[in-house]
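Working notes, structure below.
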Amino acid sequence: MSAQLLGLHQPGTTWLHRLPAGAKLLGLMAASLVVVVVRGPGSAVAFLAIATVLLVWSGARLGLTLRAMRWLLLTAAILGAWTVWQNGWPRAVEVVGDLVALILLATTLTVTTPVDEVLDAVARGLQPLRRVGVDPEAVALAFSLMLRAIPTTIMLAEESRDAALARGLERSPRARLIPFVIRVVARARDTGDALHARGIGD
């Protein structure tokens, strides 16, 4: 997975771009539920085909999108190989097809919708829960921090890996893991300090 995955928004004029962010979020949730509930390799292939068509229809630059998704797709391939070994081809097709379909659907949302619009839709959707003590803005902020932390963490992992390779320590898990953990913790502390300085989370 690339650190660019969550920054793939590409302006356009397709009907997917014109749909409100809230409608796309609800559609993604409903589609995800259907993908999970409906079983079988045939349905998985159908869902994968539909998700692929939607991604192409969104006008996504396929080269950039596939490069950003390469580690997710590699993970899906490894999962598929393991599932073939454990449960056979039909189950592997179902598992990998459903997983990649969900990835492509989420990527279509990312390509057609700016992150800020997604966060605004989350905050608006949570407004009815304010009466039971939920702070929609705080939840949206937490969601925003989570989205931004994913590519940042991946970037730190890649930098730690490159540093280990440069020192000739590519076979040493410690050379990769320890600097990575230290940098992730430092980043989290810096983020917490910045929020505290702004009076958020007191």
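Going through the structure tokens in order, the chains are called A, B, and so on, while each chain numbers its residues from 1 and the ligands are numbered from 1 in the order shown.
By only C-alpha atoms, and with residues fewer than 2 positions from stretch 76-91 of chain A along its chain excluded, the set lying at most 12 Å from it is Met1, Arg39, Gly40, Pro41, Gly42, Ser43, Ala44, Val45, Met69, Arg70, Trp71, Leu72, Leu73, Leu74, Val93, Glu94, Val95, Val96, Gly97, Asp98, Leu99, Val100, Ala101, Leu102 and Ile103 of chain A.
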Worksheet item: Just asking: which residues within stretch 43-159 of chain A are alpha helix (DSSP H) according to DSSP, as JSON, numbers by chain?
Response: {"A": [43, 44, 45, 46, 47, 48, 49, 50, 51, 52, 53, 54, 55, 56, 57, 62, 63, 64, 65, 66, 67, 68, 70, 71, 72, 73, 74, 75, 76, 77, 78, 79, 80, 81, 82, 83, 84, 85, 86, 87, 89, 90, 91, 92, 93, 94, 95, 96, 97, 98, 99, 100, 101, 102, 103, 104, 105, 106, 107, 108, 109, 110, 111, 112, 115, 116, 117, 118, 119, 120, 121, 122, 123, 124, 125, 136, 137, 138, 139, 140, 141, 142, 143, 144, 145, 146, 147, 148, 149, 150, 151, 152, 153, 154, 155, 156, 157, 158, 159]}
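Residues surrounding A:Pro11 within 10 Å are A:Leu8, A:Thr14, A:His17, A:Ser58, A:Gly59, A:Ala60, A:Val111, A:Thr112, A:Thr113, A:Pro114 [only C-alpha atoms; sequence separation below 3 positions excluded].
Taking atom CA of A:Leu119 and atom CA of A:Ala140 as endpoints, the distance between them is 5.6 Å.
Note that atom CA of A:Val118 and atom CA of A:Leu25 are 7.7 Å apart.
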Fill in: Between atom CA of A:Ala138 and atom CA of A:Gly27 - distance in Å to one decimal
23.7 Å
